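Data block for work_16.cif (mmCIF, C-alpha atoms and all ligand atoms):
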```cif
data_start
#
loop_
_atom_site.group_PDB
_atom_site.id
_atom_site.type_symbol
_atom_site.label_atom_id
_atom_site.label_comp_id
_atom_site.auth_asym_id
_atom_site.auth_seq_id
_atom_site.Cartn_x
_atom_site.Cartn_y
_atom_site.Cartn_z
ATOM 1 C CA MET A 1 -106.068 -80.855 -9.060
ATOM 2 C CA PRO A 2 -105.319 -79.136 -5.703
ATOM 3 C CA ALA A 3 -103.269 -75.943 -5.619
ATOM 4 C CA ALA A 4 -99.660 -76.482 -4.577
ATOM 5 C CA ALA A 5 -97.317 -74.484 -2.350
ATOM 6 C CA LEU A 6 -93.519 -74.373 -2.395
ATOM 7 C CA VAL A 7 -92.137 -73.867 1.119
ATOM 8 C CA THR A 8 -88.410 -73.150 1.361
ATOM 9 C CA GLY A 9 -86.656 -74.340 4.512
ATOM 10 C CA GLY A 10 -89.684 -76.550 5.119
ATOM 11 C CA SER A 11 -88.016 -79.504 6.830
ATOM 12 C CA LYS A 12 -88.206 -78.191 10.397
ATOM 13 C CA ARG A 13 -89.059 -75.349 12.745
ATOM 14 C CA ILE A 14 -91.225 -72.529 11.333
ATOM 15 C CA GLY A 15 -91.038 -73.704 7.708
ATOM 16 C CA LYS A 16 -92.249 -77.156 8.712
ATOM 17 C CA GLU A 17 -95.210 -75.734 10.664
ATOM 18 C CA ILE A 18 -96.154 -73.564 7.682
ATOM 19 C CA ALA A 19 -96.008 -76.588 5.356
ATOM 20 C CA LEU A 20 -98.202 -78.648 7.715
ATOM 21 C CA ALA A 21 -100.710 -75.796 8.081
ATOM 22 C CA LEU A 22 -100.924 -75.334 4.302
ATOM 23 C CA ALA A 23 -101.431 -79.079 3.892
ATOM 24 C CA SER A 24 -104.334 -78.841 6.369
ATOM 25 C CA MET A 25 -105.790 -76.086 4.163
ATOM 26 C CA GLY A 26 -105.712 -78.489 1.199
ATOM 27 C CA TYR A 27 -102.475 -77.531 -0.551
ATOM 28 C CA ALA A 28 -100.175 -80.106 -2.085
ATOM 29 C CA ILE A 29 -96.688 -79.337 -0.785
ATOM 30 C CA ALA A 30 -93.336 -78.960 -2.536
ATOM 31 C CA LEU A 31 -91.060 -79.144 0.488
ATOM 32 C CA HIS A 32 -87.657 -77.573 0.007
ATOM 33 C CA TYR A 33 -84.643 -78.411 2.194
ATOM 34 C CA ASN A 34 -80.895 -78.006 1.922
ATOM 35 C CA GLN A 35 -79.110 -80.215 4.450
ATOM 36 C CA SER A 36 -81.913 -81.622 6.609
ATOM 37 C CA LYS A 37 -82.972 -84.525 4.385
ATOM 38 C CA GLU A 38 -84.119 -86.822 7.212
ATOM 39 C CA ASP A 39 -86.238 -84.047 8.757
ATOM 40 C CA ALA A 40 -87.670 -83.253 5.316
ATOM 41 C CA LYS A 41 -88.639 -86.905 4.804
ATOM 42 C CA LYS A 42 -90.338 -87.022 8.219
ATOM 43 C CA THR A 43 -92.253 -83.802 7.519
ATOM 44 C CA ALA A 44 -93.305 -85.175 4.112
ATOM 45 C CA THR A 45 -94.660 -88.281 5.848
ATOM 46 C CA GLN A 46 -96.705 -86.096 8.205
ATOM 47 C CA ILE A 47 -98.082 -84.126 5.250
ATOM 48 C CA LYS A 48 -99.027 -87.293 3.381
ATOM 49 C CA ALA A 49 -100.781 -88.554 6.534
ATOM 50 C CA LYS A 50 -103.104 -85.572 6.092
ATOM 51 C CA GLY A 51 -104.040 -86.955 2.669
ATOM 52 C CA ARG A 52 -102.024 -84.369 0.694
ATOM 53 C CA SER A 53 -99.335 -85.040 -1.849
ATOM 54 C CA CYS A 54 -95.836 -83.915 -0.945
ATOM 55 C CA GLU A 55 -92.442 -84.126 -2.623
ATOM 56 C CA ILE A 56 -89.111 -82.979 -1.268
ATOM 57 C CA PHE A 57 -86.699 -80.810 -3.265
ATOM 58 C CA GLN A 58 -83.065 -80.304 -2.284
ATOM 59 C CA CYS A 59 -81.448 -76.999 -3.217
ATOM 60 C CA ASP A 60 -78.591 -74.922 -1.815
ATOM 61 C CA LEU A 61 -80.068 -71.437 -1.981
ATOM 62 C CA SER A 62 -76.624 -69.853 -1.781
ATOM 63 C CA ASN A 63 -76.005 -71.319 -5.249
ATOM 64 C CA GLU A 64 -77.578 -69.026 -7.853
ATOM 65 C CA ASN A 65 -77.727 -71.642 -10.624
ATOM 66 C CA GLU A 66 -79.384 -74.266 -8.409
ATOM 67 C CA THR A 67 -81.825 -71.678 -7.088
ATOM 68 C CA ARG A 68 -82.776 -70.589 -10.601
ATOM 69 C CA LEU A 69 -83.931 -74.165 -11.385
ATOM 70 C CA LEU A 70 -85.970 -74.814 -8.246
ATOM 71 C CA VAL A 71 -89.320 -73.386 -9.386
ATOM 72 C CA THR A 72 -88.932 -75.071 -12.809
ATOM 73 C CA ASN A 73 -88.327 -78.421 -11.082
ATOM 74 C CA VAL A 74 -91.281 -77.956 -8.757
ATOM 75 C CA LYS A 75 -93.530 -76.891 -11.654
ATOM 76 C CA LYS A 76 -92.759 -80.157 -13.470
ATOM 77 C CA ARG A 77 -94.213 -82.095 -10.515
ATOM 78 C CA PHE A 78 -96.881 -79.615 -9.400
ATOM 79 C CA SER A 79 -98.300 -77.852 -12.447
ATOM 80 C CA ASN A 80 -100.829 -76.085 -10.181
ATOM 81 C CA LEU A 81 -98.152 -74.301 -8.106
ATOM 82 C CA ASN A 82 -99.676 -71.025 -6.906
ATOM 83 C CA LEU A 83 -98.090 -70.187 -3.546
ATOM 84 C CA LEU A 84 -94.432 -69.533 -2.690
ATOM 85 C CA ILE A 85 -93.280 -69.248 0.929
ATOM 86 C CA ASN A 86 -89.743 -67.861 1.281
ATOM 87 C CA SER A 87 -88.829 -69.051 4.775
ATOM 88 C CA ALA A 88 -85.282 -70.489 4.465
ATOM 89 C CA SER A 89 -82.738 -68.201 6.038
ATOM 90 C CA ILE A 90 -79.377 -67.966 7.722
ATOM 91 C CA PHE A 91 -78.904 -66.047 10.961
ATOM 92 C CA GLU A 92 -75.318 -65.545 12.034
ATOM 93 C CA SER A 93 -73.895 -62.979 14.411
ATOM 94 C CA SER A 94 -71.246 -60.591 13.135
ATOM 95 C CA LYS A 95 -69.824 -57.148 13.698
ATOM 96 C CA LEU A 96 -69.677 -54.406 11.099
ATOM 97 C CA ALA A 97 -66.135 -53.747 9.874
ATOM 98 C CA SER A 98 -64.730 -56.982 11.265
ATOM 99 C CA PRO A 99 -62.427 -58.883 8.855
ATOM 100 C CA ASN A 100 -65.138 -61.335 7.715
ATOM 101 C CA THR A 101 -67.860 -58.715 7.156
ATOM 102 C CA ILE A 102 -67.895 -58.948 3.366
ATOM 103 C CA HIS A 103 -68.033 -62.732 3.428
ATOM 104 C CA SER A 104 -70.895 -62.611 5.933
ATOM 105 C CA LEU A 105 -72.703 -59.974 3.855
ATOM 106 C CA SER A 106 -72.422 -62.118 0.712
ATOM 107 C CA ARG A 107 -73.672 -65.240 2.492
ATOM 108 C CA HIS A 108 -76.624 -63.499 4.138
ATOM 109 C CA PHE A 109 -77.624 -61.687 0.973
ATOM 110 C CA ALA A 110 -77.310 -64.860 -1.142
ATOM 111 C CA VAL A 111 -79.667 -66.944 1.010
ATOM 112 C CA ASN A 112 -81.914 -64.332 2.629
ATOM 113 C CA PHE A 113 -82.361 -61.853 -0.230
ATOM 114 C CA LYS A 114 -81.076 -63.069 -3.597
ATOM 115 C CA ALA A 115 -82.675 -66.525 -3.338
ATOM 116 C CA PRO A 116 -86.181 -65.178 -2.492
ATOM 117 C CA TYR A 117 -85.659 -62.588 -5.263
ATOM 118 C CA ILE A 118 -84.769 -65.264 -7.842
ATOM 119 C CA LEU A 119 -87.506 -67.658 -6.699
ATOM 120 C CA SER A 120 -90.101 -64.872 -6.774
ATOM 121 C CA CYS A 121 -89.112 -63.796 -10.294
ATOM 122 C CA GLU A 122 -89.166 -67.400 -11.507
ATOM 123 C CA PHE A 123 -92.533 -67.929 -9.779
ATOM 124 C CA TYR A 124 -93.939 -64.851 -11.545
ATOM 125 C CA ARG A 125 -92.523 -65.960 -14.899
ATOM 126 C CA LEU A 126 -93.675 -69.589 -14.705
ATOM 127 C CA CYS A 127 -96.828 -69.548 -12.564
ATOM 128 C CA LYS A 128 -98.349 -66.262 -13.750
ATOM 129 C CA LYS A 129 -100.864 -66.143 -10.876
ATOM 130 C CA GLY A 130 -100.895 -66.819 -7.142
ATOM 131 C CA SER A 131 -99.130 -65.310 -4.180
ATOM 132 C CA ILE A 132 -95.787 -65.035 -2.416
ATOM 133 C CA ILE A 133 -95.165 -64.700 1.326
ATOM 134 C CA ASN A 134 -91.700 -63.667 2.548
ATOM 135 C CA LEU A 135 -90.509 -64.321 6.099
ATOM 136 C CA LEU A 136 -88.778 -61.211 7.430
ATOM 137 C CA ASP A 137 -87.928 -60.265 11.029
ATOM 138 C CA ALA A 138 -89.568 -57.811 13.427
ATOM 139 C CA ASN A 139 -86.164 -56.187 13.920
ATOM 140 C CA ILE A 140 -86.312 -54.643 10.420
ATOM 141 C CA THR A 141 -87.629 -51.473 12.095
ATOM 142 C CA LYS A 142 -84.448 -51.197 14.163
ATOM 143 C CA ASN A 143 -80.805 -50.429 13.541
ATOM 144 C CA LYS A 144 -79.135 -51.818 16.637
ATOM 145 C CA THR A 145 -78.284 -55.481 16.355
ATOM 146 C CA GLY A 146 -75.618 -58.104 16.878
ATOM 147 C CA TYR A 147 -76.572 -59.433 13.442
ATOM 148 C CA PRO A 148 -75.989 -56.512 11.031
ATOM 149 C CA GLU A 149 -75.619 -58.516 7.792
ATOM 150 C CA TYR A 150 -78.688 -60.624 8.624
ATOM 151 C CA LEU A 151 -80.641 -57.452 9.438
ATOM 152 C CA LEU A 152 -79.617 -55.733 6.192
ATOM 153 C CA SER A 153 -80.675 -58.788 4.165
ATOM 154 C CA LYS A 154 -84.132 -58.786 5.809
ATOM 155 C CA LYS A 155 -84.533 -55.010 5.360
ATOM 156 C CA ALA A 156 -83.789 -55.491 1.656
ATOM 157 C CA LEU A 157 -86.334 -58.329 1.454
ATOM 158 C CA ALA A 158 -88.936 -56.054 3.076
ATOM 159 C CA ASP A 159 -88.401 -53.462 0.330
ATOM 160 C CA PHE A 160 -88.453 -56.192 -2.314
ATOM 161 C CA THR A 161 -91.845 -57.298 -0.951
ATOM 162 C CA ARG A 162 -93.314 -53.858 -1.700
ATOM 163 C CA VAL A 163 -91.534 -53.394 -5.039
ATOM 164 C CA ALA A 164 -92.561 -56.865 -6.253
ATOM 165 C CA ALA A 165 -96.140 -56.331 -5.028
ATOM 166 C CA VAL A 166 -96.413 -53.439 -7.491
ATOM 167 C CA GLU A 167 -94.356 -55.017 -10.267
ATOM 168 C CA PHE A 168 -96.136 -58.413 -10.208
ATOM 169 C CA ALA A 169 -99.671 -56.985 -9.832
ATOM 170 C CA PRO A 170 -102.369 -57.765 -10.770
ATOM 171 C CA TYR A 171 -101.231 -61.367 -11.272
ATOM 172 C CA ILE A 172 -99.236 -62.200 -8.149
ATOM 173 C CA ARG A 173 -99.788 -60.838 -4.641
ATOM 174 C CA VAL A 174 -96.653 -60.364 -2.548
ATOM 175 C CA ASN A 175 -96.832 -60.037 1.244
ATOM 176 C CA ALA A 176 -94.603 -60.698 4.235
ATOM 177 C CA ILE A 177 -94.609 -61.727 7.856
ATOM 178 C CA ALA A 178 -92.120 -60.227 10.308
ATOM 179 C CA PRO A 179 -91.868 -62.635 13.255
ATOM 180 C CA GLY A 180 -90.619 -61.633 16.663
ATOM 181 C CA LEU A 181 -89.691 -64.014 19.479
ATOM 182 C CA ILE A 182 -91.007 -67.347 18.206
ATOM 183 C CA LEU A 183 -88.336 -70.088 18.370
ATOM 184 C CA PRO A 184 -84.894 -69.770 19.955
ATOM 185 C CA PRO A 185 -82.067 -69.657 17.389
ATOM 186 C CA GLU A 186 -79.422 -72.364 17.338
ATOM 187 C CA GLY A 187 -77.435 -72.434 20.576
ATOM 188 C CA LYS A 188 -80.049 -70.454 22.544
ATOM 189 C CA THR A 189 -82.696 -71.763 24.932
ATOM 190 C CA ASN A 190 -86.348 -70.999 25.622
ATOM 191 C CA ALA A 191 -85.158 -69.159 28.738
ATOM 192 C CA TYR A 192 -83.258 -66.751 26.460
ATOM 193 C CA LEU A 193 -86.460 -65.877 24.561
ATOM 194 C CA ASN A 194 -88.489 -65.630 27.779
ATOM 195 C CA ARG A 195 -85.931 -63.155 29.122
ATOM 196 C CA LEU A 196 -86.148 -61.001 25.975
ATOM 197 C CA ALA A 197 -89.960 -61.194 26.061
ATOM 198 C CA LYS A 198 -90.039 -59.242 29.319
ATOM 199 C CA ASN A 199 -88.990 -56.136 27.332
ATOM 200 C CA ILE A 200 -91.687 -56.166 24.633
ATOM 201 C CA PRO A 201 -95.204 -54.674 24.924
ATOM 202 C CA LEU A 202 -97.151 -57.942 25.167
ATOM 203 C CA LYS A 203 -94.529 -59.440 27.556
ATOM 204 C CA THR A 204 -94.654 -62.902 26.058
ATOM 205 C CA ARG A 205 -93.234 -65.073 23.282
ATOM 206 C CA GLY A 206 -95.211 -65.901 20.169
ATOM 207 C CA SER A 207 -95.985 -69.347 18.796
ATOM 208 C CA THR A 208 -95.601 -71.046 15.444
ATOM 209 C CA ALA A 209 -99.427 -71.298 15.383
ATOM 210 C CA GLN A 210 -99.568 -67.479 15.370
ATOM 211 C CA ILE A 211 -97.260 -67.473 12.340
ATOM 212 C CA THR A 212 -99.240 -70.145 10.491
ATOM 213 C CA SER A 213 -102.596 -68.419 11.106
ATOM 214 C CA THR A 214 -101.070 -65.286 9.530
ATOM 215 C CA VAL A 215 -99.855 -67.307 6.541
ATOM 216 C CA LYS A 216 -103.403 -68.630 6.124
ATOM 217 C CA PHE A 217 -104.840 -65.092 6.301
ATOM 218 C CA LEU A 218 -102.379 -63.731 3.715
ATOM 219 C CA ALA A 219 -102.861 -66.739 1.431
ATOM 220 C CA GLU A 220 -106.651 -66.452 1.498
ATOM 221 C CA ASN A 221 -107.311 -62.690 1.407
ATOM 222 C CA GLN A 222 -107.269 -61.864 -2.286
ATOM 223 C CA TYR A 223 -107.321 -58.093 -1.712
ATOM 224 C CA LEU A 224 -104.003 -57.862 0.147
ATOM 225 C CA THR A 225 -100.680 -57.107 -1.431
ATOM 226 C CA GLY A 226 -97.499 -55.327 -0.319
ATOM 227 C CA GLN A 227 -98.355 -55.885 3.356
ATOM 228 C CA ILE A 228 -95.875 -56.672 6.104
ATOM 229 C CA ILE A 229 -97.548 -58.127 9.177
ATOM 230 C CA PHE A 230 -95.540 -57.992 12.400
ATOM 231 C CA VAL A 231 -96.286 -61.061 14.503
ATOM 232 C CA ASP A 232 -94.127 -59.911 17.382
ATOM 233 C CA GLY A 233 -96.119 -58.869 20.459
ATOM 234 C CA GLY A 234 -95.488 -55.237 19.538
ATOM 235 C CA ALA A 235 -91.675 -55.476 19.649
ATOM 236 C CA HIS A 236 -91.238 -53.423 16.461
ATOM 237 C CA LEU A 237 -92.961 -50.455 18.105
ATOM 238 C CA LEU A 238 -90.108 -49.914 20.539
ATOM 239 C CA ASN A 239 -86.938 -48.093 19.633
ATOM 240 C CA ALA A 240 -83.620 -49.931 19.549
ATOM 241 C CA GLU A 241 -82.492 -48.694 22.965
ATOM 242 C CA LYS A 242 -85.593 -49.959 24.764
ATOM 243 C CA ALA A 243 -85.893 -53.256 22.895
HETATM 244 N N1 LIG B 301 -87.270 -68.348 14.791
HETATM 245 C C1 LIG B 301 -87.766 -67.150 15.039
HETATM 246 O O1 LIG B 301 -88.260 -66.855 16.147
HETATM 247 C C2 LIG B 301 -87.701 -66.089 13.968
HETATM 248 C C3 LIG B 301 -87.676 -64.744 14.349
HETATM 249 C C4 LIG B 301 -87.605 -63.772 13.364
HETATM 250 C C5 LIG B 301 -87.589 -64.139 12.015
HETATM 251 N N2 LIG B 301 -87.633 -65.460 11.677
HETATM 252 C C6 LIG B 301 -87.624 -65.800 10.249
HETATM 253 O O2 LIG B 301 -88.581 -66.821 9.986
HETATM 254 C C7 LIG B 301 -88.058 -67.779 9.056
HETATM 255 C C8 LIG B 301 -88.065 -69.174 9.644
HETATM 256 O O3 LIG B 301 -87.350 -69.123 10.875
HETATM 257 P P1 LIG B 301 -86.628 -70.431 11.483
HETATM 258 O O4 LIG B 301 -86.072 -70.012 12.787
HETATM 259 O O5 LIG B 301 -87.541 -71.594 11.398
HETATM 260 O O6 LIG B 301 -85.442 -70.592 10.418
HETATM 261 P P2 LIG B 301 -84.080 -71.445 10.564
HETATM 262 O O7 LIG B 301 -84.359 -72.631 11.403
HETATM 263 O O8 LIG B 301 -82.996 -70.521 11.034
HETATM 264 O O9 LIG B 301 -83.744 -71.818 9.049
HETATM 265 C C9 LIG B 301 -84.724 -72.433 8.238
HETATM 266 C C10 LIG B 301 -84.067 -73.262 7.189
HETATM 267 O O10 LIG B 301 -83.284 -72.457 6.305
HETATM 268 C C11 LIG B 301 -82.564 -73.394 5.519
HETATM 269 N N3 LIG B 301 -81.326 -72.866 4.946
HETATM 270 C C12 LIG B 301 -80.277 -72.282 5.564
HETATM 271 N N4 LIG B 301 -79.259 -72.082 4.675
HETATM 272 C C13 LIG B 301 -79.707 -72.541 3.477
HETATM 273 C C14 LIG B 301 -79.137 -72.649 2.174
HETATM 274 N N5 LIG B 301 -77.870 -72.247 1.899
HETATM 275 N N6 LIG B 301 -79.888 -73.186 1.192
HETATM 276 C C15 LIG B 301 -81.137 -73.615 1.436
HETATM 277 N N7 LIG B 301 -81.730 -73.568 2.640
HETATM 278 C C16 LIG B 301 -81.023 -73.046 3.654
HETATM 279 C C17 LIG B 301 -82.225 -74.581 6.428
HETATM 280 O O11 LIG B 301 -82.573 -75.770 5.735
HETATM 281 P P3 LIG B 301 -81.817 -77.185 6.008
HETATM 282 O O12 LIG B 301 -81.975 -77.411 7.491
HETATM 283 O O13 LIG B 301 -82.535 -78.162 5.167
HETATM 284 O O14 LIG B 301 -80.375 -77.002 5.601
HETATM 285 C C18 LIG B 301 -83.094 -74.318 7.678
HETATM 286 O O15 LIG B 301 -83.761 -75.454 8.143
HETATM 287 C C19 LIG B 301 -86.657 -67.280 8.668
HETATM 288 O O16 LIG B 301 -86.729 -66.545 7.485
HETATM 289 C C20 LIG B 301 -86.272 -66.379 9.855
HETATM 290 O O17 LIG B 301 -85.349 -65.364 9.492
HETATM 291 C C21 LIG B 301 -87.676 -66.438 12.618
#
```

I'd like the structure from this file rewritten - as structure tokens, please.
Ligand SMILES: NC(=O)c1ccc[n+]([C@@H]2O[C@H](COP(=O)([O-])OP(=O)(O)OC[C@H]3O[C@@H](n4cnc5c(N)ncnc54)[C@H](OP(=O)(O)O)[C@@H]3O)[C@@H](O)[C@H]2O)c1
Amino acid sequence: MPAAALVTGGSKRIGKEIALALASMGYAIALHYNQSKEDAKKTATQIKAKGRSCEIFQCDLSNENETRLLVTNVKKRFSNLNLLINSASIFESSKLASPNTIHSLSRHFAVNFKAPYILSCEFYRLCKKGSIINLLDANITKNKTGYPEYLLSKKALADFTRVAAVEFAPYIRVNAIAPGLILPPEGKTNAYLNRLAKNIPLKTRGSTAQITSTVKFLAENQYLTGQIIFVDGGAHLLNAEKA
């Protein structure tokens, strides 16, 4: 029976590319989505066309009770689950100390930190071996941002990656990828990313293929844990003022 991977936020964009790349490596795929059911079905069809099995799982990761059941539900269908990719995320602009700050903080922490935390703990408890890869953000090295609650949630997930790597060893490896300028966020164009790219060391945007090759590397290298790989053209090396 082939090993299986659970990919959260796998219906489109980076999550979808990770799911397709893992399918090409031979994994069966448990494809999680929240609202994008049609996209999830299309991605599942593409995965099956590669000769891999794939099932879609709906779950609102801001709901703690639903989130707690996701790994159990996946395990029932894929008993050989041994890879968890925490890619689902929200990314909303905000301003510290504005009236909606606490609401924004709760939302970002629920989806971007608490859900990966719960899924990782459930994965450890139920799967007992394998590996976890968390999707962070290259901006975790910085403190200047128009997205403070998002940034705080990713900084917390970075620390969780290291804490869990120690806590879950030697059974589960826990690593992370911190992407830089890969895909424009909702409402922004490619031109926006190309403009930002002029200010980073390698002067260019990254690709989803550069993310998926890093996923493959982290999934395969059995001697890596607690690592955060910045796939960002060197952006994290610059201080906040220059970035
Ligand atoms: N794009 C980039 O260049 C970039 C840069 C830095 C970091 N990253 C990180 O890389 C990862 C993937 O990036 P992306 O741009 O592909 O992500 P994205 O498009 O912003 O979001 C991925 C998925 O998250 C899911 N999601 C949002 N709220 C959810 C909820 N309440 N419950 C369950 N799922 C929820 C959505 O699923 P549905 O559509 O099914 O609702 C969405 O498709 C993220 O963790 C992101 O922070 C990306």

Which residues form the shell of 7 Å around ligand LIG 301 (chain B) when you count all atoms listed in the file, given as a PyMOL selection string?
chain A and resi 8-15+33-37+59-62+87-91+111+135-138+178-185

Explicit residues for the PyMOL selection byres (((chain A and resi 142-147) around 7) and not hetatm) (as a list in words)
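Those residues are Glu92, Ser93, Ser94, Lys95, Asn139, Ile140, Thr141, Pro148, Glu149, Tyr150, Leu151, Asn239 and Ala240 of chain A.
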
Mind telling me what the PyMOL selection byres (((chain A and resi 196) around 12) and not hetatm) catches here, as a PDB file with C-alpha atoms, in the coordinates of the input?
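Written output follows (result22.pdb):
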```
ATOM      1  CA  GLY A 180     -90.619 -61.633  16.663  1.00  0.00           C
ATOM      2  CA  LEU A 181     -89.691 -64.014  19.479  1.00  0.00           C
ATOM      3  CA  ILE A 182     -91.007 -67.347  18.206  1.00  0.00           C
ATOM      4  CA  PRO A 184     -84.894 -69.770  19.955  1.00  0.00           C
ATOM      5  CA  LYS A 188     -80.049 -70.454  22.544  1.00  0.00           C
ATOM      6  CA  THR A 189     -82.696 -71.763  24.932  1.00  0.00           C
ATOM      7  CA  ASN A 190     -86.348 -70.999  25.622  1.00  0.00           C
ATOM      8  CA  ALA A 191     -85.158 -69.159  28.738  1.00  0.00           C
ATOM      9  CA  TYR A 192     -83.258 -66.751  26.460  1.00  0.00           C
ATOM     10  CA  LEU A 193     -86.460 -65.877  24.561  1.00  0.00           C
ATOM     11  CA  ASN A 194     -88.489 -65.630  27.779  1.00  0.00           C
ATOM     12  CA  ARG A 195     -85.931 -63.155  29.122  1.00  0.00           C
ATOM     13  CA  ALA A 197     -89.960 -61.194  26.061  1.00  0.00           C
ATOM     14  CA  LYS A 198     -90.039 -59.242  29.319  1.00  0.00           C
ATOM     15  CA  ASN A 199     -88.990 -56.136  27.332  1.00  0.00           C
ATOM     16  CA  ILE A 200     -91.687 -56.166  24.633  1.00  0.00           C
ATOM     17  CA  PRO A 201     -95.204 -54.674  24.924  1.00  0.00           C
ATOM     18  CA  LEU A 202     -97.151 -57.942  25.167  1.00  0.00           C
ATOM     19  CA  LYS A 203     -94.529 -59.440  27.556  1.00  0.00           C
ATOM     20  CA  THR A 204     -94.654 -62.902  26.058  1.00  0.00           C
ATOM     21  CA  ARG A 205     -93.234 -65.073  23.282  1.00  0.00           C
ATOM     22  CA  GLY A 206     -95.211 -65.901  20.169  1.00  0.00           C
ATOM     23  CA  ASP A 232     -94.127 -59.911  17.382  1.00  0.00           C
ATOM     24  CA  GLY A 233     -96.119 -58.869  20.459  1.00  0.00           C
ATOM     25  CA  ALA A 235     -91.675 -55.476  19.649  1.00  0.00           C
ATOM     26  CA  LYS A 242     -85.593 -49.959  24.764  1.00  0.00           C
ATOM     27  CA  ALA A 243     -85.893 -53.256  22.895  1.00  0.00           C
TER      28      ALA A 243
END
```

So, with all atoms listed in the file as the atoms that count, which of A:Leu20, A:Lys50, A:Val74, A:Phe109 lies closest to Leu126 (chain A)?
A:Val74

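Shortest atom-to-atom contact with Asn82 (chain A) among A:Gln227, A:Ala44, A:Gly130, A:His236: A:Gly130, counting all atoms listed in the file.
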
Which protein, DNA or RNA residues are at most 12 Å from (-100.4, -62.8, -11.0) in the file's coordinates when you count all atoms listed in the file, listed as a short mmCIF file (atom, residue, chain, number, x, y, z; two decimals) with C-alpha atoms, keeping the file's coordinate frame?
```
data_model
loop_
_atom_site.label_atom_id
_atom_site.label_comp_id
_atom_site.auth_asym_id
_atom_site.auth_seq_id
_atom_site.Cartn_x
_atom_site.Cartn_y
_atom_site.Cartn_z
CA ASN A 82 -99.68 -71.03 -6.91
CA LEU A 83 -98.09 -70.19 -3.55
CA SER A 120 -90.10 -64.87 -6.77
CA CYS A 121 -89.11 -63.80 -10.29
CA PHE A 123 -92.53 -67.93 -9.78
CA TYR A 124 -93.94 -64.85 -11.54
CA ARG A 125 -92.52 -65.96 -14.90
CA LEU A 126 -93.68 -69.59 -14.70
CA CYS A 127 -96.83 -69.55 -12.56
CA LYS A 128 -98.35 -66.26 -13.75
CA LYS A 129 -100.86 -66.14 -10.88
CA GLY A 130 -100.90 -66.82 -7.14
CA SER A 131 -99.13 -65.31 -4.18
CA ILE A 132 -95.79 -65.04 -2.42
CA ALA A 164 -92.56 -56.86 -6.25
CA ALA A 165 -96.14 -56.33 -5.03
CA VAL A 166 -96.41 -53.44 -7.49
CA GLU A 167 -94.36 -55.02 -10.27
CA PHE A 168 -96.14 -58.41 -10.21
CA ALA A 169 -99.67 -56.98 -9.83
CA PRO A 170 -102.37 -57.76 -10.77
CA TYR A 171 -101.23 -61.37 -11.27
CA ILE A 172 -99.24 -62.20 -8.15
CA ARG A 173 -99.79 -60.84 -4.64
CA VAL A 174 -96.65 -60.36 -2.55
CA GLN A 222 -107.27 -61.86 -2.29
CA THR A 225 -100.68 -57.11 -1.43
#
```

Tell me, as an mmCIF file with C-alpha atoms, keeping the file's coordinate frame, which residues lie within 10 Å of Ser53 (chain A), counting all atoms listed in the file; anything in the same chain fewer than 3 positions away does not count.
```cif
data_model
loop_
_atom_site.group_PDB
_atom_site.id
_atom_site.type_symbol
_atom_site.label_atom_id
_atom_site.label_comp_id
_atom_site.auth_asym_id
_atom_site.auth_seq_id
_atom_site.Cartn_x
_atom_site.Cartn_y
_atom_site.Cartn_z
ATOM 1 C CA PRO A 2 -105.319 -79.136 -5.703
ATOM 2 C CA ALA A 4 -99.660 -76.482 -4.577
ATOM 3 C CA ALA A 23 -101.431 -79.079 3.892
ATOM 4 C CA GLY A 26 -105.712 -78.489 1.199
ATOM 5 C CA TYR A 27 -102.475 -77.531 -0.551
ATOM 6 C CA ALA A 28 -100.175 -80.106 -2.085
ATOM 7 C CA ILE A 29 -96.688 -79.337 -0.785
ATOM 8 C CA ALA A 30 -93.336 -78.960 -2.536
ATOM 9 C CA ALA A 44 -93.305 -85.175 4.112
ATOM 10 C CA THR A 45 -94.660 -88.281 5.848
ATOM 11 C CA ILE A 47 -98.082 -84.126 5.250
ATOM 12 C CA LYS A 48 -99.027 -87.293 3.381
ATOM 13 C CA ALA A 49 -100.781 -88.554 6.534
ATOM 14 C CA LYS A 50 -103.104 -85.572 6.092
ATOM 15 C CA PHE A 78 -96.881 -79.615 -9.400
#
```

What does the distance between CA of Thr212 (chain A) and CA of Ile18 (chain A) come to in Å, to one decimal place?
5.4 Å

Quote the spacing between CA of His32 (chain A) and CA of Gln58 (chain A) in Å to one decimal place.
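Atom-to-atom, CA of His32 (chain A) and CA of Gln58 (chain A) are spaced 5.8 Å apart.
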
With the file shown as input, list the residues that the PyMOL selection byres (((chain A and resi 117) around 12) and not hetatm) selects, as a count of residues only.
36

Give me the box for region 49-65 of chain A as AutoDock Vina command-line options, namely the centre and edge lengths in Å to one decimal of a box along x, y and z that holds every listed atom plus 5 Å on each side.
```
--center_x -90.0 --center_y -78.8 --center_z -2.0 --size_x 38.0 --size_y 29.5 --size_z 27.2
```

Quick one: of A:Asn80, A:Arg52, A:Phe57, A:Gln46, who's nearest to Met1 (chain A), counting all atoms listed in the file?
A:Asn80

Computed gap from CA of Asn65 (chain A) to CA of Ser98 (chain A) is 29.4 Å

From A:Ser106, A:Thr43, A:Asn221, A:Thr208, residue lying nearest Leu152 (chain A) [all atoms listed in the file]
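Counting all atoms listed in the file, the residue closest to Leu152 (chain A) is A:Ser106.
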